[in-house]
Amino acid sequence: MRRLIAAVLAGILLSAFRTPTLVKASHDLAVSNIEVTRNEILLNFPETATVRLSLTNDIEITSVVLEYGTEQQTCGEVIAKAFPEFIPGTTVDTQWTWEMRQSGSLPPGTQLWWRWRLTDANGDETVTETQTTTWLDDEHNWKTFNNGEFLRLHYYEGNQAFINELSSAAYDGLQFNETQSGLSAESPINIYIYSDTDDLKDAILYEPSWTGGQAFPDHDIVILGISESDLAWGQAAIVHELTHVLVGHLTFSCLGDVPTWLNEGLAVYSEGGLDSLSQRQLEDAIRNDTLLSVRSISGGFSEVPDKAYLSYSQSYSIINFLIESYGQDKMTELLLSLRDGLTIDNALTQTYGFDIDGLEDAWRQAIGAQPRPVSAQPTAEPTPTFVPTIVPISGGFPALQVTPTPVSTSSGNGQPTEPTPTRTGPPLSLTLILLGMCCMFLLVIGIFVLGFIVRRDNMKAGKNE
Ligand SMILES: [Zn+2]
């Protein structure tokens, strides 16, 4: 109820203010004689952040602009601005509420910053010192465990042994990535460990119900729901998501895009390979010649679970082939070409001397699969669909243990880490098949009922005879 009232109040306040707009930062400004008596932020996680300002000045303040944002990798220097309502005078009291449902959900642990740009009646401008805070709930008693230079594990449940296990898995994952895949951390990565999936879901807006973990490479943040009974899954998931952060960092640019098979393949590779179930599924696909084309797993993975799992296994197999055959230096070269804006075909050709089809041919040969079927439209790429980036789990595939790709974390001044996945409706072919099946079903029922009536009538007729 408290939350509802807060939300309603925030809504009323927000409606009175102008929508934040994106503008370029202006020049540096002179210092004025303003006395700020209150400059604070109130977090209503995960919904809103309200920034408040109170000040006095000898000269009337005529303009108050809030500049705010998040600390993250962005394309270009943009600053969000908000224009809170206030009464011009020598005393100013004002506030502005950042609505996360409007701007896009931010991952827990995001560093928020803000500052005020004030203008007095003489036209002199003053900018207050930039303040920062961590976007996080105050419901959980968060503790932090640092492991080395790059790992910050934040948790509120589980004993030290549990955290140690996760921490060393993460550490080993970083080492593996550095030595085997040529991916190294450049800045600390914050890993938020929720005690279960429900707590994780409460922390992020707009997430599908099966979220198990998520990487936000632009923020250097990983979030996971790991209970103590899920330690083995958690150890794999933490490495998987960390790898997405490393890949995101290495390839960050406003130009290129990393195909899904490459990103997910590296993540599964860093886990140490496939579990026995996934390995079997891959071998079946090789034997039955049901492998998916590499082009078809460049955009989005299928929503059909079997195909999705095979997509992960194949992605791993392709990465394993590339790294084992050509080494990690070539992998780094490939990722850097993608960062520099090359298409995947050009990046592959420049690095390895073959394009996607050539890669598929070489990979199929290496794993003993049938040659690639020659399609009438070899370059056709499927429309990307919603991508569940599942962490393969040994011994089964529980529905909860899946991790989607990062959602847009745009806060008005940032770039989404990856295109926001949109859940599309069922394909037309599926709809038609279902429709056809319904008609068939009705027809069968109709024939059955008709037959029954005719038989009954016949029987009645017989009796009457
Ligand atoms: Zn993934």
# chains A, B, ... in the order shown; residues from 1 in each chain; ligands from 1
>>> residues_around(residues="stretch 343-357 of chain A", least_positions_apart="2", cutoff="8 Å", atoms="only C-alpha atoms", output="NGL selection string")
:A and (256-259 or 294-295 or 330 or 333-334 or 337-338 or 341 or 359-361)
>>> residues_around(residues="A:Thr91", least_positions_apart="4", cutoff="9 Å", atoms="only C-alpha atoms", output="list of chain:residue names")
A:Ser54, A:Leu55, A:Thr56, A:Asn57, A:Asp58, A:Glu60, A:Ile61, A:Ile87
>>> closest_residue(among="A:Ser227, A:Asn320, A:Thr290, A:Gln214", to="ligand 1", atoms="only C-alpha atoms and all ligand atoms")
A:Gln214
>>> select_by_dssp(residues="stretch 214-332 of chain A", states="strand (DSSP E or B)", output="PyMOL selection string")
chain A and resi 214-216+221-225
>>> closest_residue(among="A:Leu335, A:Gln175, A:Asn288, A:Glu264", to="A:Ala369", atoms="only C-alpha atoms")
A:Asn288
>>> decode(residues="stretch 26-177 of chain A", atoms="C-alpha atoms", output="PDB file, in the first residue's frame")
ATOM      1  CA  SER A  26      27.480  22.663 -22.182  1.00  0.00           C
ATOM      2  CA  HIS A  27      30.695  24.406 -21.080  1.00  0.00           C
ATOM      3  CA  ASP A  28      32.092  24.647 -17.568  1.00  0.00           C
ATOM      4  CA  LEU A  29      30.748  27.401 -15.361  1.00  0.00           C
ATOM      5  CA  ALA A  30      31.771  29.856 -12.711  1.00  0.00           C
ATOM      6  CA  VAL A  31      31.149  29.259  -8.995  1.00  0.00           C
ATOM      7  CA  SER A  32      28.359  31.205  -7.274  1.00  0.00           C
ATOM      8  CA  ASN A  33      27.432  31.915  -3.662  1.00  0.00           C
ATOM      9  CA  ILE A  34      24.575  29.441  -3.313  1.00  0.00           C
ATOM     10  CA  GLU A  35      24.048  27.584  -0.048  1.00  0.00           C
ATOM     11  CA  VAL A  36      22.584  24.145  -0.684  1.00  0.00           C
ATOM     12  CA  THR A  37      20.733  22.961   2.419  1.00  0.00           C
ATOM     13  CA  ARG A  38      19.412  19.712   0.938  1.00  0.00           C
ATOM     14  CA  ASN A  39      20.593  17.712  -2.046  1.00  0.00           C
ATOM     15  CA  GLU A  40      19.468  14.118  -1.720  1.00  0.00           C
ATOM     16  CA  ILE A  41      18.049  11.145  -3.559  1.00  0.00           C
ATOM     17  CA  LEU A  42      15.258   8.879  -2.320  1.00  0.00           C
ATOM     18  CA  LEU A  43      15.173   5.437  -3.881  1.00  0.00           C
ATOM     19  CA  ASN A  44      11.919   3.551  -4.214  1.00  0.00           C
ATOM     20  CA  PHE A  45      13.567   0.491  -5.765  1.00  0.00           C
ATOM     21  CA  PRO A  46      12.882  -0.706  -8.452  1.00  0.00           C
ATOM     22  CA  GLU A  47      10.296   1.907  -9.428  1.00  0.00           C
ATOM     23  CA  THR A  48      11.545   5.446  -8.853  1.00  0.00           C
ATOM     24  CA  ALA A  49      14.395   7.642  -7.713  1.00  0.00           C
ATOM     25  CA  THR A  50      13.422  11.102  -6.431  1.00  0.00           C
ATOM     26  CA  VAL A  51      16.051  13.833  -6.316  1.00  0.00           C
ATOM     27  CA  ARG A  52      15.423  16.764  -3.956  1.00  0.00           C
ATOM     28  CA  LEU A  53      17.036  20.161  -3.734  1.00  0.00           C
ATOM     29  CA  SER A  54      16.708  22.989  -1.212  1.00  0.00           C
ATOM     30  CA  LEU A  55      18.883  26.094  -1.295  1.00  0.00           C
ATOM     31  CA  THR A  56      19.149  29.747  -0.394  1.00  0.00           C
ATOM     32  CA  ASN A  57      20.924  32.481  -2.299  1.00  0.00           C
ATOM     33  CA  ASP A  58      21.330  36.277  -2.123  1.00  0.00           C
ATOM     34  CA  ILE A  59      20.156  36.619  -5.691  1.00  0.00           C
ATOM     35  CA  GLU A  60      16.933  35.169  -7.052  1.00  0.00           C
ATOM     36  CA  ILE A  61      17.303  31.767  -8.697  1.00  0.00           C
ATOM     37  CA  THR A  62      15.485  31.808 -12.022  1.00  0.00           C
ATOM     38  CA  SER A  63      16.325  28.416 -13.536  1.00  0.00           C
ATOM     39  CA  VAL A  64      16.819  24.943 -12.059  1.00  0.00           C
ATOM     40  CA  VAL A  65      17.875  22.091 -14.306  1.00  0.00           C
ATOM     41  CA  LEU A  66      18.631  18.573 -13.111  1.00  0.00           C
ATOM     42  CA  GLU A  67      21.296  16.688 -15.029  1.00  0.00           C
ATOM     43  CA  TYR A  68      21.403  12.986 -14.323  1.00  0.00           C
ATOM     44  CA  GLY A  69      22.425   9.611 -15.655  1.00  0.00           C
ATOM     45  CA  THR A  70      24.112   6.310 -14.961  1.00  0.00           C
ATOM     46  CA  GLU A  71      27.740   5.304 -15.075  1.00  0.00           C
ATOM     47  CA  GLN A  72      27.911   2.999 -18.047  1.00  0.00           C
ATOM     48  CA  GLN A  73      29.515   2.598 -21.445  1.00  0.00           C
ATOM     49  CA  THR A  74      27.678   4.769 -23.936  1.00  0.00           C
ATOM     50  CA  CYS A  75      27.924   5.809 -27.533  1.00  0.00           C
ATOM     51  CA  GLY A  76      28.853   9.464 -27.381  1.00  0.00           C
ATOM     52  CA  GLU A  77      28.520  12.015 -24.607  1.00  0.00           C
ATOM     53  CA  VAL A  78      24.876  12.642 -23.822  1.00  0.00           C
ATOM     54  CA  ILE A  79      23.381  13.930 -20.596  1.00  0.00           C
ATOM     55  CA  ALA A  80      19.748  13.621 -19.585  1.00  0.00           C
ATOM     56  CA  LYS A  81      18.144  16.803 -18.292  1.00  0.00           C
ATOM     57  CA  ALA A  82      14.976  17.342 -16.290  1.00  0.00           C
ATOM     58  CA  PHE A  83      13.223  20.612 -15.549  1.00  0.00           C
ATOM     59  CA  PRO A  84      11.488  20.379 -12.164  1.00  0.00           C
ATOM     60  CA  GLU A  85       8.839  22.919 -11.304  1.00  0.00           C
ATOM     61  CA  PHE A  86       9.850  25.503  -8.716  1.00  0.00           C
ATOM     62  CA  ILE A  87       9.034  29.023  -7.665  1.00  0.00           C
ATOM     63  CA  PRO A  88      11.805  31.474  -8.613  1.00  0.00           C
ATOM     64  CA  GLY A  89      13.222  33.233  -5.544  1.00  0.00           C
ATOM     65  CA  THR A  90      16.112  33.402  -3.104  1.00  0.00           C
ATOM     66  CA  THR A  91      14.899  30.161  -1.521  1.00  0.00           C
ATOM     67  CA  VAL A  92      14.318  27.133  -3.704  1.00  0.00           C
ATOM     68  CA  ASP A  93      12.666  23.807  -2.816  1.00  0.00           C
ATOM     69  CA  THR A  94      12.149  21.373  -5.605  1.00  0.00           C
ATOM     70  CA  GLN A  95      12.294  17.724  -6.559  1.00  0.00           C
ATOM     71  CA  TRP A  96      12.111  15.496  -9.585  1.00  0.00           C
ATOM     72  CA  THR A  97      11.227  11.819  -9.877  1.00  0.00           C
ATOM     73  CA  TRP A  98      12.959   9.428 -12.246  1.00  0.00           C
ATOM     74  CA  GLU A  99      10.365   6.868 -13.305  1.00  0.00           C
ATOM     75  CA  MET A 100      12.096   3.610 -14.213  1.00  0.00           C
ATOM     76  CA  ARG A 101       8.982   2.227 -15.893  1.00  0.00           C
ATOM     77  CA  GLN A 102       9.217   5.133 -18.325  1.00  0.00           C
ATOM     78  CA  SER A 103      12.968   5.231 -18.854  1.00  0.00           C
ATOM     79  CA  GLY A 104      13.625   1.489 -18.750  1.00  0.00           C
ATOM     80  CA  SER A 105      14.545  -0.807 -15.895  1.00  0.00           C
ATOM     81  CA  LEU A 106      18.056  -0.374 -14.525  1.00  0.00           C
ATOM     82  CA  PRO A 107      19.964  -3.333 -13.124  1.00  0.00           C
ATOM     83  CA  PRO A 108      20.481  -3.417  -9.376  1.00  0.00           C
ATOM     84  CA  GLY A 109      23.885  -2.010  -8.541  1.00  0.00           C
ATOM     85  CA  THR A 110      23.773   0.660 -11.250  1.00  0.00           C
ATOM     86  CA  GLN A 111      25.610   3.821 -10.251  1.00  0.00           C
ATOM     87  CA  LEU A 112      23.245   6.775 -10.552  1.00  0.00           C
ATOM     88  CA  TRP A 113      24.610  10.303 -10.691  1.00  0.00           C
ATOM     89  CA  TRP A 114      23.027  13.743 -10.664  1.00  0.00           C
ATOM     90  CA  ARG A 115      23.875  17.423 -10.386  1.00  0.00           C
ATOM     91  CA  TRP A 116      21.936  20.690 -10.512  1.00  0.00           C
ATOM     92  CA  ARG A 117      22.501  23.497 -12.965  1.00  0.00           C
ATOM     93  CA  LEU A 118      21.248  26.736 -11.418  1.00  0.00           C
ATOM     94  CA  THR A 119      20.902  30.172 -12.962  1.00  0.00           C
ATOM     95  CA  ASP A 120      20.375  33.383 -10.985  1.00  0.00           C
ATOM     96  CA  ALA A 121      18.692  36.637 -12.004  1.00  0.00           C
ATOM     97  CA  ASN A 122      22.073  38.008 -13.206  1.00  0.00           C
ATOM     98  CA  GLY A 123      22.387  35.132 -15.630  1.00  0.00           C
ATOM     99  CA  ASP A 124      25.230  33.493 -13.681  1.00  0.00           C
ATOM    100  CA  GLU A 125      25.203  29.717 -13.694  1.00  0.00           C
ATOM    101  CA  THR A 126      26.318  27.349 -10.959  1.00  0.00           C
ATOM    102  CA  VAL A 127      26.664  23.592 -11.214  1.00  0.00           C
ATOM    103  CA  THR A 128      26.550  21.608  -7.989  1.00  0.00           C
ATOM    104  CA  GLU A 129      29.071  18.849  -7.429  1.00  0.00           C
ATOM    105  CA  THR A 130      28.101  15.550  -9.041  1.00  0.00           C
ATOM    106  CA  GLN A 131      26.576  13.148  -6.522  1.00  0.00           C
ATOM    107  CA  THR A 132      26.327   9.392  -6.935  1.00  0.00           C
ATOM    108  CA  THR A 133      24.399   6.584  -5.354  1.00  0.00           C
ATOM    109  CA  THR A 134      23.932   2.875  -5.911  1.00  0.00           C
ATOM    110  CA  TRP A 135      20.579   1.821  -7.334  1.00  0.00           C
ATOM    111  CA  LEU A 136      19.657  -1.032  -5.001  1.00  0.00           C
ATOM    112  CA  ASP A 137      16.917  -2.156  -2.642  1.00  0.00           C
ATOM    113  CA  ASP A 138      17.142  -1.609   1.096  1.00  0.00           C
ATOM    114  CA  GLU A 139      15.062  -4.717   1.865  1.00  0.00           C
ATOM    115  CA  HIS A 140      18.040  -7.048   1.802  1.00  0.00           C
ATOM    116  CA  ASN A 141      21.034  -6.800   4.058  1.00  0.00           C
ATOM    117  CA  TRP A 142      23.605  -6.706   1.277  1.00  0.00           C
ATOM    118  CA  LYS A 143      27.163  -7.769   2.028  1.00  0.00           C
ATOM    119  CA  THR A 144      30.117  -7.561  -0.344  1.00  0.00           C
ATOM    120  CA  PHE A 145      32.901 -10.054  -0.870  1.00  0.00           C
ATOM    121  CA  ASN A 146      35.820  -8.904  -3.017  1.00  0.00           C
ATOM    122  CA  ASN A 147      37.907 -11.457  -4.828  1.00  0.00           C
ATOM    123  CA  GLY A 148      40.947  -9.962  -6.501  1.00  0.00           C
ATOM    124  CA  GLU A 149      40.898  -6.848  -8.592  1.00  0.00           C
ATOM    125  CA  PHE A 150      37.857  -7.587 -10.711  1.00  0.00           C
ATOM    126  CA  LEU A 151      35.264  -9.506  -8.728  1.00  0.00           C
ATOM    127  CA  ARG A 152      32.748  -7.982  -6.315  1.00  0.00           C
ATOM    128  CA  LEU A 153      30.189 -10.468  -5.072  1.00  0.00           C
ATOM    129  CA  HIS A 154      27.169  -8.906  -3.387  1.00  0.00           C
ATOM    130  CA  TYR A 155      24.876 -11.216  -1.446  1.00  0.00           C
ATOM    131  CA  TYR A 156      22.507 -11.251   1.510  1.00  0.00           C
ATOM    132  CA  GLU A 157      21.895 -14.937   2.099  1.00  0.00           C
ATOM    133  CA  GLY A 158      24.059 -18.016   2.194  1.00  0.00           C
ATOM    134  CA  ASN A 159      27.037 -18.736   4.382  1.00  0.00           C
ATOM    135  CA  GLN A 160      30.634 -17.865   3.646  1.00  0.00           C
ATOM    136  CA  ALA A 161      31.368 -21.330   2.246  1.00  0.00           C
ATOM    137  CA  PHE A 162      28.594 -20.874  -0.346  1.00  0.00           C
ATOM    138  CA  ILE A 163      29.902 -17.469  -1.362  1.00  0.00           C
ATOM    139  CA  ASN A 164      33.467 -18.813  -1.467  1.00  0.00           C
ATOM    140  CA  GLU A 165      32.375 -21.541  -3.870  1.00  0.00           C
ATOM    141  CA  LEU A 166      30.668 -19.037  -6.185  1.00  0.00           C
ATOM    142  CA  SER A 167      33.531 -16.626  -5.879  1.00  0.00           C
ATOM    143  CA  SER A 168      36.181 -19.151  -6.815  1.00  0.00           C
ATOM    144  CA  ALA A 169      34.051 -20.386  -9.732  1.00  0.00           C
ATOM    145  CA  ALA A 170      33.853 -16.791 -10.948  1.00  0.00           C
ATOM    146  CA  TYR A 171      37.593 -16.327 -10.434  1.00  0.00           C
ATOM    147  CA  ASP A 172      38.415 -19.515 -12.342  1.00  0.00           C
ATOM    148  CA  GLY A 173      36.000 -18.390 -15.071  1.00  0.00           C
ATOM    149  CA  LEU A 174      37.899 -15.118 -15.452  1.00  0.00           C
ATOM    150  CA  GLN A 175      41.213 -16.990 -15.594  1.00  0.00           C
ATOM    151  CA  PHE A 176      39.866 -19.434 -18.168  1.00  0.00           C
ATOM    152  CA  ASN A 177      38.512 -16.640 -20.328  1.00  0.00           C
TER     153      ASN A 177
END
